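query-v3.pdb (PDB, C-alpha atoms and all ligand atoms)
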ATOM      1  CA  MET L 116     -17.811  45.043 -28.879
ATOM      2  CA  LYS L 117     -18.364  48.628 -29.902
ATOM      3  CA  LEU L 118     -15.764  50.586 -27.938
ATOM      4  CA  MET L 119     -14.948  54.261 -27.555
ATOM      5  CA  VAL L 120     -11.602  55.594 -26.319
ATOM      6  CA  ILE L 121     -11.616  59.196 -25.112
ATOM      7  CA  ASN L 122      -8.435  61.107 -24.384
ATOM      8  CA  GLY L 123      -8.619  64.480 -22.705
ATOM      9  CA  PRO L 124      -6.506  67.628 -22.637
ATOM     10  CA  ASN L 125      -2.820  67.573 -23.546
ATOM     11  CA  LEU L 126      -2.799  63.866 -24.284
ATOM     12  CA  ASN L 127      -2.292  64.759 -27.933
ATOM     13  CA  MET L 128       1.082  66.159 -26.765
ATOM     14  CA  VAL L 129       2.335  62.839 -25.393
ATOM     15  CA  GLY L 130       5.733  62.076 -26.953
ATOM     16  CA  VAL L 131       6.559  65.783 -26.683
ATOM     17  CA  ARG L 132       5.491  66.663 -23.129
ATOM     18  CA  GLU L 133       7.300  65.384 -20.004
ATOM     19  CA  LYS L 134       8.753  62.299 -21.713
ATOM     20  CA  GLY L 135      10.210  61.063 -18.414
ATOM     21  CA  ILE L 136       6.647  60.669 -17.124
ATOM     22  CA  TYR L 137       4.592  59.861 -20.205
ATOM     23  CA  GLY L 138       7.175  58.144 -22.418
ATOM     24  CA  ALA L 139       8.576  58.935 -25.848
ATOM     25  CA  LYS L 140       5.878  57.326 -27.998
ATOM     26  CA  SER L 141       3.789  59.850 -29.879
ATOM     27  CA  PHE L 142       0.040  60.112 -29.335
ATOM     28  CA  GLN L 143      -0.482  58.808 -32.875
ATOM     29  CA  GLU L 144       1.666  55.740 -32.116
ATOM     30  CA  ILE L 145      -0.311  55.073 -28.959
ATOM     31  CA  CYS L 146      -3.603  55.413 -30.856
ATOM     32  CA  SER L 147      -2.538  52.975 -33.566
ATOM     33  CA  PHE L 148      -1.299  50.539 -30.889
ATOM     34  CA  ILE L 149      -4.789  50.627 -29.292
ATOM     35  CA  GLN L 150      -6.561  50.446 -32.664
ATOM     36  CA  LYS L 151      -4.544  47.426 -33.859
ATOM     37  CA  GLU L 152      -5.138  45.549 -30.608
ATOM     38  CA  ALA L 153      -8.885  46.279 -30.780
ATOM     39  CA  GLU L 154      -9.081  45.090 -34.399
ATOM     40  CA  LYS L 155      -7.121  41.937 -33.552
ATOM     41  CA  ARG L 156      -9.794  41.206 -30.949
ATOM     42  CA  GLY L 157     -12.645  41.911 -33.388
ATOM     43  CA  HIS L 158     -13.875  45.121 -31.735
ATOM     44  CA  SER L 159     -15.017  48.208 -33.565
ATOM     45  CA  ILE L 160     -13.287  51.162 -31.973
ATOM     46  CA  THR L 161     -13.649  54.942 -32.101
ATOM     47  CA  LEU L 162     -10.693  56.970 -30.817
ATOM     48  CA  LEU L 163     -11.440  60.570 -29.832
ATOM     49  CA  GLN L 164      -9.383  63.342 -28.248
ATOM     50  CA  SER L 165     -10.277  66.831 -27.101
ATOM     51  CA  ASN L 166      -8.720  69.561 -25.028
ATOM     52  CA  SER L 167     -12.101  70.850 -23.911
ATOM     53  CA  GLU L 168     -14.468  69.602 -21.244
ATOM     54  CA  GLY L 169     -17.658  70.202 -23.255
ATOM     55  CA  SER L 170     -16.433  68.097 -26.179
ATOM     56  CA  ILE L 171     -15.555  65.240 -23.829
ATOM     57  CA  ILE L 172     -19.103  65.376 -22.455
ATOM     58  CA  ASP L 173     -20.435  65.368 -26.038
ATOM     59  CA  PHE L 174     -18.318  62.241 -26.751
ATOM     60  CA  LEU L 175     -19.776  60.503 -23.679
ATOM     61  CA  GLN L 176     -23.308  61.379 -24.779
ATOM     62  CA  LYS L 177     -22.521  60.076 -28.274
ATOM     63  CA  ALA L 178     -21.498  56.768 -26.616
ATOM     64  CA  TYR L 179     -24.958  56.691 -25.011
ATOM     65  CA  PHE L 180     -27.027  57.650 -28.052
ATOM     66  CA  GLU L 181     -25.048  55.399 -30.399
ATOM     67  CA  GLN L 182     -25.199  52.473 -27.980
ATOM     68  CA  TYR L 183     -21.549  51.734 -27.360
ATOM     69  CA  ASP L 184     -20.728  48.666 -25.262
ATOM     70  CA  GLY L 185     -17.882  50.250 -23.342
ATOM     71  CA  VAL L 186     -15.819  53.405 -22.900
ATOM     72  CA  ILE L 187     -12.153  53.827 -21.971
ATOM     73  CA  ILE L 188     -11.405  57.349 -20.801
ATOM     74  CA  ASN L 189      -8.264  59.225 -19.863
ATOM     75  CA  PRO L 190      -9.684  62.599 -18.783
ATOM     76  CA  GLY L 191      -6.183  64.133 -18.340
ATOM     77  CA  ALA L 192      -6.161  66.948 -15.790
ATOM     78  CA  TYR L 193      -9.993  67.064 -15.795
ATOM     79  CA  THR L 194      -9.751  63.869 -13.752
ATOM     80  CA  HIS L 195      -8.885  65.926 -10.725
ATOM     81  CA  TYR L 196     -11.709  68.451 -10.817
ATOM     82  CA  SER L 197     -14.417  67.805 -13.394
ATOM     83  CA  ILE L 198     -17.738  67.078 -11.760
ATOM     84  CA  ALA L 199     -19.354  67.628 -15.181
ATOM     85  CA  ILE L 200     -17.405  64.682 -16.647
ATOM     86  CA  HIS L 201     -18.227  62.624 -13.544
ATOM     87  CA  ASP L 202     -21.926  63.351 -14.131
ATOM     88  CA  ALA L 203     -21.692  62.531 -17.858
ATOM     89  CA  ILE L 204     -20.121  59.131 -17.065
ATOM     90  CA  LYS L 205     -22.821  58.513 -14.456
ATOM     91  CA  ALA L 206     -25.535  59.414 -16.971
ATOM     92  CA  ASN L 207     -24.231  56.505 -19.085
ATOM     93  CA  ALA L 208     -24.933  54.072 -16.250
ATOM     94  CA  LYS L 209     -25.456  51.131 -18.586
ATOM     95  CA  ILE L 210     -22.158  51.646 -20.413
ATOM     96  CA  PRO L 211     -19.192  50.346 -18.420
ATOM     97  CA  THR L 212     -16.475  52.996 -18.386
ATOM     98  CA  VAL L 213     -12.861  52.435 -17.350
ATOM     99  CA  GLU L 214     -10.550  55.282 -16.361
ATOM    100  CA  VAL L 215      -6.950  55.031 -17.561
ATOM    101  CA  HIS L 216      -3.849  57.094 -16.818
ATOM    102  CA  LEU L 217      -0.474  56.624 -18.429
ATOM    103  CA  SER L 218       1.314  57.630 -15.231
ATOM    104  CA  ASN L 219       0.783  56.424 -11.681
ATOM    105  CA  ILE L 220      -1.189  59.439 -10.445
ATOM    106  CA  HIS L 221      -0.928  58.195  -6.846
ATOM    107  CA  ALA L 222       2.868  58.432  -6.925
ATOM    108  CA  ARG L 223       2.842  62.033  -8.163
ATOM    109  CA  GLU L 224       1.840  65.451  -6.758
ATOM    110  CA  GLU L 225      -0.869  65.351  -4.129
ATOM    111  CA  PHE L 226      -3.428  67.145  -6.311
ATOM    112  CA  ARG L 227      -3.264  64.187  -8.727
ATOM    113  CA  HIS L 228      -4.127  61.632  -6.029
ATOM    114  CA  VAL L 229      -7.801  62.563  -6.180
ATOM    115  CA  SER L 230      -9.971  61.515  -9.105
ATOM    116  CA  LYS L 231     -13.408  63.107  -9.351
ATOM    117  CA  THR L 232     -14.189  60.891 -12.345
ATOM    118  CA  ALA L 233     -13.076  57.418 -11.171
ATOM    119  CA  PRO L 234     -16.007  56.939  -8.729
ATOM    120  CA  ALA L 235     -18.356  57.163 -11.734
ATOM    121  CA  CYS L 236     -16.378  54.424 -13.546
ATOM    122  CA  ILE L 237     -16.291  50.668 -12.985
ATOM    123  CA  GLY L 238     -12.591  50.985 -12.179
ATOM    124  CA  GLN L 239      -9.347  52.823 -12.698
ATOM    125  CA  LEU L 240      -6.006  51.702 -14.127
ATOM    126  CA  CYS L 241      -2.903  53.829 -13.859
ATOM    127  CA  GLY L 242       0.858  53.621 -14.122
ATOM    128  CA  PHE L 243       1.160  51.133 -16.961
ATOM    129  CA  GLY L 244       1.698  53.557 -19.845
ATOM    130  CA  GLU L 245      -0.178  52.810 -23.062
ATOM    131  CA  TYR L 246      -0.629  49.194 -21.954
ATOM    132  CA  GLY L 247      -3.272  50.524 -19.543
ATOM    133  CA  TYR L 248      -5.657  51.007 -22.472
ATOM    134  CA  ILE L 249      -5.253  47.323 -23.385
ATOM    135  CA  MET L 250      -5.813  46.297 -19.766
ATOM    136  CA  ALA L 251      -8.988  48.388 -19.843
ATOM    137  CA  MET L 252     -10.070  46.500 -22.978
ATOM    138  CA  ASP L 253      -9.510  43.213 -21.102
ATOM    139  CA  ALA L 254     -11.612  44.513 -18.213
ATOM    140  CA  LEU L 255     -14.460  45.568 -20.520
ATOM    141  CA  GLU L 256     -14.417  42.184 -22.289
ATOM    142  CA  PHE L 257     -14.587  40.440 -18.921
ATOM    143  CA  MET L 258     -17.482  42.603 -17.705
ATOM    144  CA  TYR L 259     -19.308  42.180 -21.041
ATOM    145  CA  GLY L 260     -18.951  38.381 -20.781
ATOM    146  CA  LYS L 261     -20.415  38.485 -17.289
ATOM    147  CA  LYS L 262     -23.330  40.632 -18.457
ATOM    148  CA  GLU L 263     -24.094  38.242 -21.343
ATOM    149  CA  ALA L 264     -23.948  35.271 -18.964
ATOM    150  CA  ASN L 265     -26.513  36.909 -16.671
ATOM    151  CA  GLN L 266     -29.020  37.581 -19.458
TER     152      GLN L 266
HETATM  153  C1  LIG U   1      -2.715  61.796 -16.964
HETATM  154  C2  LIG U   1      -2.470  62.209 -15.509
HETATM  155  C3  LIG U   1      -3.059  63.588 -15.226
HETATM  156  O1  LIG U   1      -2.782  63.955 -13.891
HETATM  157  C4  LIG U   1      -2.451  64.617 -16.150
HETATM  158  O2  LIG U   1      -3.053  65.877 -15.929
HETATM  159  C5  LIG U   1      -2.502  64.231 -17.567
HETATM  160  C6  LIG U   1      -2.202  62.835 -17.934
HETATM  161  C7  LIG U   1      -2.035  60.442 -17.299
HETATM  162  O3  LIG U   1      -2.407  59.845 -18.312
HETATM  163  O4  LIG U   1      -1.124  60.024 -16.598
HETATM  164  O5  LIG U   1      -2.711  65.046 -18.460
HETATM  165  O6  LIG U   1      -4.109  61.627 -17.149
END
Render the structure in this file as structure tokens.
Ligand code: DQA
Amino acid sequence: MKLMVINGPNLNMVGVREKGIYGAKSFQEICSFIQKEAEKRGHSITLLQSNSEGSIIDFLQKAYFEQYDGVIINPGAYTHYSIAIHDAIKANAKIPTVEVHLSNIHAREEFRHVSKTAPACIGQLCGFGEYGYIMAMDALEFMYGKKEANQ
């Protein structure tokens, strides 16, 4: 599969920021963990990160125009208020998108309990640290298999 992983604002600071919540692994370590797992499974994978909303929307549109098979997105704090990212995910209706969070957003401050972006996705995974990205890969493989079977 041709997969895209998008990480939003401040995720590049993981390993430095709030280690008690996000863990001590650096963002680079997390990215290579995801990359290695994807390669092991025979996927081609593009890992992107941006601190700005517009760039994240550009990444999602790139996934559409370049015909990716699936997207894994951690929109960071944009999760909780970005209707523009919600709309960009929705515009990619044919590309299954899974939302991932390192932390369990439902066990944290109330403002993190709401996701504006998850309703546009096929599902959301949170609270499993970097393993969540691998779980999302499993989910996309499963959905892709189902799609192939129905064709
Ligand atoms: C996060 C959760 C968000 O609430 C927060 O703003 C982040 C990281 C996570 O991965 O747990 O930046 O998306």
**Request:** Carefully work through the PyMOL selection byres (((not hetatm)) within 9 of (chain U and resi 1)) for this structure and note down the residues it includes, as a count of residues only.
**Result:** 31
**Fill in**
Of L:Ile210, L:Ile188, L:Ile171, L:Ala222, the one nearest to Lys117 in chain L when counting all atoms listed in the file is L:Ile210
**Residues returned when the PyMOL selection byres (((chain L and resi 156) around 12) and not hetatm) runs on this file, as a ChimeraX atom specification** = /L:116-118,149-155,157-160,249,252-253,256
**Prompt:** CA of Val120 in chain L and CA of Ile187 in chain L, how far apart in Å?
**Reply:** 4.7 Å
**Message:** Taking all atoms listed in the file into account, name the residue in L:Tyr246, L:Glu168, L:Tyr259, L:Phe174 that is nearest to Ala199 in chain L.
**Reply:**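 Selected residue with least distance to Ala199 in chain L: L:Glu168.
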**Item:** Best match for closeness to Ile200 in chain L among L:Phe243, L:Glu225, L:Gly135, L:Lys231, counting only C-alpha atoms
**Value:**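 Looking only at the distances to Ile200 in chain L, the closest residue turns out to be L:Lys231.
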**Request:** Name the residues captured by the PyMOL selection byres (((chain L and resi 237) around 6) and not hetatm) when it is applied to the shown file; answer as a ChimeraX atom specification.
**Result:** /L:212-213,236,238
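Distance check against Gln182 in chain L using all atoms listed in the file: of L:Asp202, L:Pro211, L:Ser170, L:Leu162, the minimum falls on L:Pro211.
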**Fill in**
Restricting to only C-alpha atoms, whichever of L:Ala235, L:Tyr248, L:Glu214, L:Asn166 is closest to Cys146 in chain L is L:Tyr248
**Prompt:** Mind pulling up the distance from CA of His201 in chain L to CA of Ile172 in chain L?
**Reply:** 9.4 Å
**Between CA of Val229 in chain L and CA of Phe142 in chain L, distance in Å (one decimal)** =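 Distance reported for this atom pair: 24.6 Å.
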Would you compute, for all listed atoms of range 171-190 of chain L, the axis-aligned bounding box grown by 5 Å on each side, and then report its centre and edge lengths in Å rounded to one decimal, as lines of an AutoDock Vina configuration file?
center_x = -17.6
center_y = 57.0
center_z = -24.6
size_x = 28.8
size_y = 26.7
size_z = 21.6
**Request:** Identify, on the basis of all atoms listed in the file, every residue whose closest approach to Gln176 in chain L does not exceed 9 Å; exclude the query and any residue fewer than 2 positions from it along the same chain; express the result as a PyMOL selection string.
**Result:** chain L and resi 171-174+178-181+203-204+206-207
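Proximity to Phe257 in chain L was assessed for L:Met119, L:Gln239, L:Gly185, L:Lys140 counting all atoms listed in the file; the smallest distance is recorded for L:Gly185.
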